[in-house]
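Working notes for the structure below.
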Amino acid sequence: MTVPRLELSSISKRFPGCLANDDVSLTLLPGEIHALLGENGAGKSTLVKIIYGVQQADSGTILWEGQPVVIKDPHAARRLGIGMVFQHFSLFDTLTVAENIALGLERPPPMRDLEQKIRAVSERYGLTLDPARHIHTLSVGERQRVEIVRCLLQDPRLLIMDEPTSVLTPQEVERLFATLRRLSDEGCTILYISHKLEEIRALCTRATVLRGGRVVGACDPRRESARSMAEMMIGATLTAPTRPAAETGGATLEVRHLSTTSDDPFATNLKDVSFEVRAGEILGIAGVAGNGQAELLAALSGEAILADDGAVRIRGQAAGHLDPRRRRALGLAFVPEERLGRGAVPELSLSENAILSGYVAEPLVRRGLVHFGRARSFAERIISGFNVVAHGHKAEARSLSGGNLQKFIIGREILQKPSLLVVGQPTWGVDAGAAAAIHQALIDLARGGAAVLVISQDLDELFVLSDRIAVLFHGRLSESRPTHHTTVEEIGLLMGGLFGAATGAEEVPHGTA
Amino acid sequence: MSIEVIGPVVAAMMTAATPLLFAALGELVVEKSGVLNLGVEGMMLGGAVVGFAVTVATGSSTLGFVAGAAAGAVLASLFGLLTLGLLANQVATGLALTLFGVGLSSLVGQGYVGHPIADVPELRIPYLTTLPIIGQPLFGQSLPVYLALAAVPAVHWFLFRTRAGLVLRAVGENHTAAHALGYKVIRIRFLAVLFGGAMSGLAGAYLALDYTPMWAEGMTAGRGWIALALVVFATWKPGRVLAGAWLFGGVTILQLHAQGVGFAVPSQLLSMLPYLATVLVLVLISRDVTRIRLNAPASLGKIFYPD
């Protein structure tokens with residue numbers, strides 16, 4: 001019997017108002033790739049933070065290779081041989097790759113030696129990196145490599161990966177998996193957290209499922225289906241969205257030769273982007289974050305006023321010079337990428353948040369005064385219509401879970417009966433149940449005759465929703481193709497920038513500087 | 001202007017730049033760690049009055065400088081406690097610290113107004129100090145002037161060549177990530193704030209002990225604010241702080257000399273010159289968004305909530 005690399009027994013952690021981990025036990029064997037499954041709020045993040053020493057358990061014991069240990073901070077974790085790649089990268093934009101890596105090491109060698117070590121490790125695992133580059137000039141995939149190389153330089157015996165593939169193209173995911181399998185062959189244990197169940201089936205040999213802070217099951221992902229694992233996570237039967245055939249009408253949104261320039265060194269300029277969305281259809285725009293999504297969303301919503309009035313037409317009317325309110329008056333509704341701070345004001349109540357965008361289409365304001373009674377009933381209609389779990393219309397937006405707040409924001413826009421809905425990342429960080437509900441709502445809206453534009457990094461989502469898919473890369477938009485005439489692989493190649501090239505995926509060009 | 005006055009004028013410009021250098025370099029380190037302390041003016045006044053009082057009591061200007069730095073650090077620790085410990089708003093707390101420093105220093109300094117002291121002796125090196133033009137600026141200054149100059153490469157070396165400096169910049173860039181990697185964000189910021197306070201205290205002590213040398217209420221006359229502006233002007237780079245401090249020192253001396261030779265412009269207008277130059281330079285520098293974005297610490301002024 002081999003000694004487990006890490007053994008957690010009866011770990012509990014309480015936060016004010018919730019029990020994040022309740023009597024959790026977990027055993028990780030040397031060299032295995034172990035998946036940790038669960039919805040948002042199931043306690044996965046808390047558990048890995050306890051393993052990595054960012055947080056302390058209230059009770060329970062940790063055995064590292066048979067010995068009881070206390071991991072009081074990340075330094076202690078790294079000295080044991082535990083490495084972690086964070087979901088939100090712990091990188092510093094204006095520092096170089098080498099500096100970022102030095103910050104994650106316990107006793108970094110002098111810079112010159114470190115740069116050599118970085119080159120050696122990145123060659124060994126096929127993770128090309130230039131130590132002198134600044135982080136803000138790197139693509140998201142390269143940023144993740146920095147995180148991984150940082151871990152590998154300390155010869156980890158346990159590597160924790162929190163949602164590592166949510167920002168990668170399918171080809172980048174393949175490369176990552178090859179690295180992870182190699183590490184596992186060398187005896188490194190990997191604890192893998194992801195929402196993408198197909199990936200877990202392809203990579204992991206064991207899985208532990210968390211729900212509401214407790215361990216509710218374990219399985220061998222290779223013997224399960226994605227659906228059965230999802231149902232284990234949510235503890236209920238999952239209803240997949242249904243999609244009747246589209247009947248499309250005239251173009252509701254027309255974008256013609258849209259180009260932008262920005263002073264912001266971190267922005268991506270749009271280059272001659274043209275497309276249209278017809279009434280009744282859903283157009284999906286895929287692409288890795290940072291390829292112009294934020295700029296395109298701003299250009300469509302009216303946050304950025306365009307130089308060319310005719311570059312954006314809503315229901316035939318030139319809208320490039322219009323501000324967000326006037327565009328909404330033309331029938332536009334808009335759901336931004338960031339829920340908190342953009343889609344909703346965290347400190348305001350739900351009914352106040354309902355007013356913020358709802359007042360254009362709903363009679364919530366009269367002669368400059370807010371009609372709070374109507375705002376309240378509007379908010380309550382959203383809450384009941386979209387099954388938002390919240391303490392009534394007075395609940396602060398930030399008190400809602402990500403999935404519930406997203407349902408509220410999407411509900412707020414859909415109830416205004418828009419003829420055009422633009423959505424960025426509709427289900428980013430949203431659990432499976434809420435994601436299915438949001439997908440169904442978007443499909444129903446389109447089938448009711450509205451034009452819907454979805455900009456997302458999640459290809460599975462786009463393939464469920466869209467009638468046509470196009471790809472944004474370095475500010476350029478590819479031709480759109482009907483969803484049933486394309487494949488994940490083909491879209492993946494486009495996401496890597498291979499417009500027009502069908503085969504021969506080599507190292508992807510990148511860099512925005 | 002005849003050739004003989006160039007030496008004294010450049011020397012005077014360097015002394016006028018010295019308090020700005022001390023205060024701005026201190027604030028630069030504070031801001032690089034992600035904290036905005038607007039209390040520079042107050043901490044300078046605190047350092048000035050305490051440094052002056054200690055020098056009067058002991059007769060030693062060295063002890064006066066040490067005490068001035070300590071007084072600045074004590075005031076800064078108050079700011080650190082409020083903003084880092086109790087998560088108070090940094091802008092409001094910094095402004096309050098300035099008002100507090102103005103009031104407290106005039107209370108403490110009441111008995112010292114008009115009290116004479118000997119100024120800090122200037123360097124005298126045979127032959128070198130009397131060299132034409134470069135003699136006085138290079139070899140005829142008092143020790144604090146050289147100290148302030150030496151602080152420029154020292155701060156640069158610390159920030160960009162040492163690991164502690166790298167950690168400090170990382171904390172200022174992204175405190176959440178730094179915390180996730182296990183760095184003590186609050187402790188690092190507190191130390192930076194203390195350093196900034198001590199440097200402001202030194203700047204004040206220099207004004208009261210050497211530049212003027214005397215104590216008067218509100219004698220810093222807005223130099224704390226100029227130092228704050230200098231940090232932005234320098235886009236958080238120590239070498240450019242030096243250039244900026246000399247520029248403002250130069251403008252200050254220029255207006256003094258212009259008044260001296262009876263320039264036919266009201267002296268009040270000339271006294272405005274350094275402040276007008278500050279506003280003008282800030283406007284010009286803000287036009288280059290790219291430079292600001294790439295050099296400004298991204299977490300500047302943001303409150304860190306430890307979890």
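A note on labels: chains of the structure tokens are A, B, ... as shown, every chain counts residues from 1, and ligands are counted from 1 in their shown order.
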Tell me as an MDAnalysis selection string which residues belonging to chain A come within 10 Å of chain B, counting only C-alpha atoms.
chainID A and resid 49 52:55 72:78 84 86 88:95 99:100 102:105 108 110:111 136 263:266
Could you give me the residues within region 393-453 of chain A that DSSP places in strand (DSSP E), as an NGL selection string?
:A and (420-424 or 451-453)
Using DSSP on the backbone, list every residue of region 4-113 of chain A that comes out as alpha helix (DSSP H), and give them as a PyMOL selection string.
chain A and resi 44-51+74-80+97-103+111-113
Can you write just those residues out, N, CA and C atoms, as an mmCIF file, in the first residue's frame?
```cif
data_model
loop_
_atom_site.group_PDB
_atom_site.id
_atom_site.type_symbol
_atom_site.label_atom_id
_atom_site.label_comp_id
_atom_site.auth_asym_id
_atom_site.auth_seq_id
_atom_site.Cartn_x
_atom_site.Cartn_y
_atom_site.Cartn_z
ATOM 1 N N LYS A 44 -15.069 24.179 -3.296
ATOM 2 C CA LYS A 44 -13.805 23.742 -3.904
ATOM 3 C C LYS A 44 -12.694 24.754 -3.651
ATOM 4 N N SER A 45 -13.007 26.032 -3.896
ATOM 5 C CA SER A 45 -11.966 27.054 -3.757
ATOM 6 C C SER A 45 -11.461 27.106 -2.323
ATOM 7 N N THR A 46 -12.376 27.063 -1.376
ATOM 8 C CA THR A 46 -11.970 27.100 0.028
ATOM 9 C C THR A 46 -11.060 25.923 0.341
ATOM 10 N N LEU A 47 -11.422 24.748 -0.154
ATOM 11 C CA LEU A 47 -10.626 23.558 0.146
ATOM 12 C C LEU A 47 -9.200 23.695 -0.408
ATOM 13 N N VAL A 48 -9.070 24.153 -1.658
ATOM 14 C CA VAL A 48 -7.705 24.261 -2.192
ATOM 15 C C VAL A 48 -6.947 25.405 -1.528
ATOM 16 N N LYS A 49 -7.658 26.443 -1.115
ATOM 17 C CA LYS A 49 -6.963 27.518 -0.388
ATOM 18 C C LYS A 49 -6.421 26.998 0.936
ATOM 19 N N ILE A 50 -7.146 26.081 1.557
ATOM 20 C CA ILE A 50 -6.651 25.484 2.807
ATOM 21 C C ILE A 50 -5.408 24.641 2.509
ATOM 22 N N ILE A 51 -5.447 23.877 1.415
ATOM 23 C CA ILE A 51 -4.280 23.049 1.079
ATOM 24 C C ILE A 51 -3.070 23.929 0.783
ATOM 25 N N PRO A 74 1.250 30.213 2.264
ATOM 26 C CA PRO A 74 1.698 29.635 0.983
ATOM 27 C C PRO A 74 3.195 29.322 0.962
ATOM 28 N N HIS A 75 3.987 30.078 1.732
ATOM 29 C CA HIS A 75 5.417 29.760 1.783
ATOM 30 C C HIS A 75 5.617 28.346 2.306
ATOM 31 N N ALA A 76 4.873 28.015 3.372
ATOM 32 C CA ALA A 76 4.979 26.679 3.962
ATOM 33 C C ALA A 76 4.542 25.621 2.944
ATOM 34 N N ALA A 77 3.465 25.912 2.206
ATOM 35 C CA ALA A 77 2.982 24.964 1.200
ATOM 36 C C ALA A 77 4.040 24.729 0.133
ATOM 37 N N ARG A 78 4.669 25.804 -0.336
ATOM 38 C CA ARG A 78 5.674 25.653 -1.381
ATOM 39 C C ARG A 78 6.885 24.891 -0.864
ATOM 40 N N ARG A 79 7.251 25.084 0.409
ATOM 41 C CA ARG A 79 8.386 24.335 0.955
ATOM 42 C C ARG A 79 8.082 22.841 1.012
ATOM 43 N N LEU A 80 6.799 22.488 1.227
ATOM 44 C CA LEU A 80 6.431 21.072 1.221
ATOM 45 C C LEU A 80 6.499 20.484 -0.185
ATOM 46 N N VAL A 97 8.336 38.454 -17.077
ATOM 47 C CA VAL A 97 8.086 37.043 -16.810
ATOM 48 C C VAL A 97 9.008 36.549 -15.689
ATOM 49 N N ALA A 98 10.322 36.876 -15.813
ATOM 50 C CA ALA A 98 11.284 36.400 -14.816
ATOM 51 C C ALA A 98 10.963 36.968 -13.437
ATOM 52 N N GLU A 99 10.596 38.249 -13.382
ATOM 53 C CA GLU A 99 10.268 38.856 -12.084
ATOM 54 C C GLU A 99 9.045 38.197 -11.475
ATOM 55 N N ASN A 100 8.055 37.920 -12.317
ATOM 56 C CA ASN A 100 6.853 37.259 -11.826
ATOM 57 C C ASN A 100 7.176 35.881 -11.266
ATOM 58 N N ILE A 101 8.051 35.179 -11.939
ATOM 59 C CA ILE A 101 8.393 33.842 -11.483
ATOM 60 C C ILE A 101 9.200 33.923 -10.179
ATOM 61 N N ALA A 102 10.115 34.895 -10.111
ATOM 62 C CA ALA A 102 10.916 35.062 -8.893
ATOM 63 C C ALA A 102 10.014 35.288 -7.687
ATOM 64 N N LEU A 103 8.917 36.014 -7.900
ATOM 65 C CA LEU A 103 8.016 36.307 -6.785
ATOM 66 C C LEU A 103 7.339 35.053 -6.251
ATOM 67 N N MET A 111 18.979 36.791 -11.010
ATOM 68 C CA MET A 111 18.146 36.895 -12.211
ATOM 69 C C MET A 111 18.710 36.137 -13.413
ATOM 70 N N ARG A 112 20.039 36.201 -13.627
ATOM 71 C CA ARG A 112 20.574 35.602 -14.846
ATOM 72 C C ARG A 112 20.413 34.072 -14.800
ATOM 73 N N ASP A 113 20.737 33.479 -13.629
ATOM 74 C CA ASP A 113 20.569 32.029 -13.485
ATOM 75 C C ASP A 113 19.100 31.656 -13.638
#
```
Spatial neighbours of region 162-166 of chain A, 8 Å, only C-alpha atoms, chain gap at least 4 places, as a list in words:
Ser45, Met84, Val85, Phe86, Gln87, Gln144, Val173, Tyr192, Ile193, Ser194, His195, Gln457 and Asp458 of chain A
Written selection (N, CA and C atoms) as a PDB file, in the first residue's frame:
```
ATOM      1  N   SER A  45     -13.007  26.032  -3.896  1.00  0.00           N
ATOM      2  CA  SER A  45     -11.966  27.054  -3.757  1.00  0.00           C
ATOM      3  C   SER A  45     -11.461  27.106  -2.323  1.00  0.00           C
ATOM      4  N   MET A  84       0.565  25.822  -7.015  1.00  0.00           N
ATOM      5  CA  MET A  84      -0.819  26.090  -7.398  1.00  0.00           C
ATOM      6  C   MET A  84      -0.884  27.058  -8.568  1.00  0.00           C
ATOM      7  N   VAL A  85      -1.744  26.721  -9.544  1.00  0.00           N
ATOM      8  CA  VAL A  85      -2.025  27.625 -10.658  1.00  0.00           C
ATOM      9  C   VAL A  85      -3.429  28.172 -10.423  1.00  0.00           C
ATOM     10  N   PHE A  86      -3.514  29.482 -10.239  1.00  0.00           N
ATOM     11  CA  PHE A  86      -4.779  30.085  -9.837  1.00  0.00           C
ATOM     12  C   PHE A  86      -5.701  30.297 -11.023  1.00  0.00           C
ATOM     13  N   GLN A  87      -7.005  30.300 -10.725  1.00  0.00           N
ATOM     14  CA  GLN A  87      -8.015  30.568 -11.758  1.00  0.00           C
ATOM     15  C   GLN A  87      -7.852  32.004 -12.259  1.00  0.00           C
ATOM     16  N   GLN A 144      -0.732  31.743 -18.646  1.00  0.00           N
ATOM     17  CA  GLN A 144      -0.892  30.533 -17.864  1.00  0.00           C
ATOM     18  C   GLN A 144       0.414  29.739 -17.824  1.00  0.00           C
ATOM     19  N   VAL A 173      -5.435  23.608 -24.885  1.00  0.00           N
ATOM     20  CA  VAL A 173      -5.838  22.639 -23.874  1.00  0.00           C
ATOM     21  C   VAL A 173      -5.110  21.311 -24.108  1.00  0.00           C
ATOM     22  N   TYR A 192      -7.126  18.644  -9.933  1.00  0.00           N
ATOM     23  CA  TYR A 192      -7.608  19.378 -11.099  1.00  0.00           C
ATOM     24  C   TYR A 192      -9.048  19.822 -10.875  1.00  0.00           C
ATOM     25  N   ILE A 193      -9.267  21.135 -10.947  1.00  0.00           N
ATOM     26  CA  ILE A 193     -10.613  21.667 -10.744  1.00  0.00           C
ATOM     27  C   ILE A 193     -11.107  22.240 -12.065  1.00  0.00           C
ATOM     28  N   SER A 194     -12.286  21.831 -12.493  1.00  0.00           N
ATOM     29  CA  SER A 194     -12.814  22.382 -13.735  1.00  0.00           C
ATOM     30  C   SER A 194     -14.314  22.167 -13.796  1.00  0.00           C
ATOM     31  N   HIS A 195     -14.971  23.049 -14.560  1.00  0.00           N
ATOM     32  CA  HIS A 195     -16.389  22.859 -14.846  1.00  0.00           C
ATOM     33  C   HIS A 195     -16.572  22.018 -16.103  1.00  0.00           C
ATOM     34  N   GLN A 457     -16.184  32.984 -24.524  1.00  0.00           N
ATOM     35  CA  GLN A 457     -14.967  32.197 -24.708  1.00  0.00           C
ATOM     36  C   GLN A 457     -15.280  30.713 -24.635  1.00  0.00           C
ATOM     37  N   ASP A 458     -16.504  30.392 -24.208  1.00  0.00           N
ATOM     38  CA  ASP A 458     -16.857  29.006 -23.945  1.00  0.00           C
ATOM     39  C   ASP A 458     -17.444  28.390 -25.223  1.00  0.00           C
TER      40      ASP A 458
END
```
Need the shell around region 416-423 of chain A: protein/DNA/RNA residues with any atom at most 10 Å away, counting only C-alpha atoms. Skip same-chain ones fewer than 5 positions apart. Format as a ChimeraX atom specification?
/A:252-253,277-280,282-284,297,300-301,314-315,328-337,357-362,378,410-411,442,445-446,448-456
Could you turn the residues from that selection into a file that holds C-alpha atoms, as a JSON list (two decimals), in the first residue's frame?
```
[["chain", "number", "residue", "atom", "x", "y", "z"],
["A", 252, "THR", "CA", -31.61, 43.91, -36.83],
["A", 253, "LEU", "CA", -27.96, 44.71, -36.16],
["A", 277, "VAL", "CA", -27.48, 39.65, -36.82],
["A", 278, "ARG", "CA", -30.94, 38.93, -38.23],
["A", 279, "ALA", "CA", -34.19, 38.87, -36.30],
["A", 280, "GLY", "CA", -34.81, 35.41, -34.83],
["A", 282, "ILE", "CA", -28.37, 33.87, -32.42],
["A", 283, "LEU", "CA", -24.91, 34.80, -33.67],
["A", 284, "GLY", "CA", -22.05, 33.55, -31.53],
["A", 297, "LEU", "CA", -18.97, 45.17, -26.61],
["A", 300, "LEU", "CA", -22.07, 48.08, -29.60],
["A", 301, "SER", "CA", -23.43, 49.19, -26.22],
["A", 314, "ILE", "CA", -29.69, 49.10, -35.20],
["A", 315, "ARG", "CA", -32.94, 48.31, -37.05],
["A", 328, "ARG", "CA", -31.59, 51.30, -25.93],
["A", 329, "ALA", "CA", -34.45, 53.45, -27.18],
["A", 330, "LEU", "CA", -33.89, 51.80, -30.59],
["A", 331, "GLY", "CA", -34.49, 48.38, -29.04],
["A", 332, "LEU", "CA", -31.02, 47.37, -27.85],
["A", 333, "ALA", "CA", -30.55, 45.51, -24.59],
["A", 334, "PHE", "CA", -27.10, 44.78, -23.26],
["A", 335, "VAL", "CA", -25.50, 42.39, -20.75],
["A", 336, "PRO", "CA", -21.80, 43.20, -20.11],
["A", 337, "GLU", "CA", -19.06, 40.71, -19.28],
["A", 357, "SER", "CA", -31.21, 49.92, -17.45],
["A", 358, "GLY", "CA", -34.94, 49.24, -17.23],
["A", 359, "TYR", "CA", -36.12, 52.85, -17.16],
["A", 360, "VAL", "CA", -35.71, 53.30, -20.92],
["A", 361, "ALA", "CA", -38.21, 50.64, -21.90],
["A", 362, "GLU", "CA", -40.32, 50.38, -18.73],
["A", 378, "PHE", "CA", -40.52, 45.12, -12.15],
["A", 410, "ILE", "CA", -30.35, 38.75, -18.10],
["A", 411, "GLY", "CA", -33.94, 38.71, -16.89],
["A", 442, "LEU", "CA", -31.68, 33.35, -24.71],
["A", 445, "LEU", "CA", -35.91, 35.28, -26.84],
["A", 446, "ALA", "CA", -34.47, 34.66, -30.30],
["A", 448, "GLY", "CA", -39.69, 35.12, -30.24],
["A", 449, "GLY", "CA", -38.20, 37.23, -33.04],
["A", 450, "ALA", "CA", -35.32, 39.12, -31.39],
["A", 451, "ALA", "CA", -31.77, 39.18, -32.74],
["A", 452, "VAL", "CA", -29.24, 37.90, -30.19],
["A", 453, "LEU", "CA", -25.47, 38.36, -30.24],
["A", 454, "VAL", "CA", -23.47, 36.23, -27.80],
["A", 455, "ILE", "CA", -19.76, 36.91, -27.27],
["A", 456, "SER", "CA", -18.19, 34.09, -25.29]]
```
8 Å contact set for Asp210 (chain B), only C-alpha atoms, chain neighbours under 5 positions out, as JSON, numbers by chain:
{"B": [119, 120, 205]}
Selected residues, C-alpha atoms, written as a short mmCIF file (atom, residue, chain, number, x, y, z; two decimals), in the first residue's frame, please.
```cif
data_model
loop_
_atom_site.label_atom_id
_atom_site.label_comp_id
_atom_site.auth_asym_id
_atom_site.auth_seq_id
_atom_site.Cartn_x
_atom_site.Cartn_y
_atom_site.Cartn_z
CA ASP B 119 22.63 76.62 10.22
CA VAL B 120 24.32 73.43 9.14
CA ALA B 205 13.80 69.26 9.21
#
```
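For the pair CA of Ile382 (chain A) and CA of Arg339 (chain A), the separation is 16.1 Å.
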Quick one: everything within 12 Å of region 149-153 of chain B, counting only C-alpha atoms, minus sequence neighbours fewer than 4 positions away in the same chain. Send it as a ChimeraX atom specification.
/B:14-15,17-26,28-29,138,141-145,157-161,199,202,237-243,245-246
Find the residues around Ser478 (chain A) up to 12 Å (only C-alpha atoms counted), leave out those fewer than 3 positions away in its own chain, and share them as a ChimeraX atom specification.
/A:271-275,284-287,468-475,481,490-491,493-501
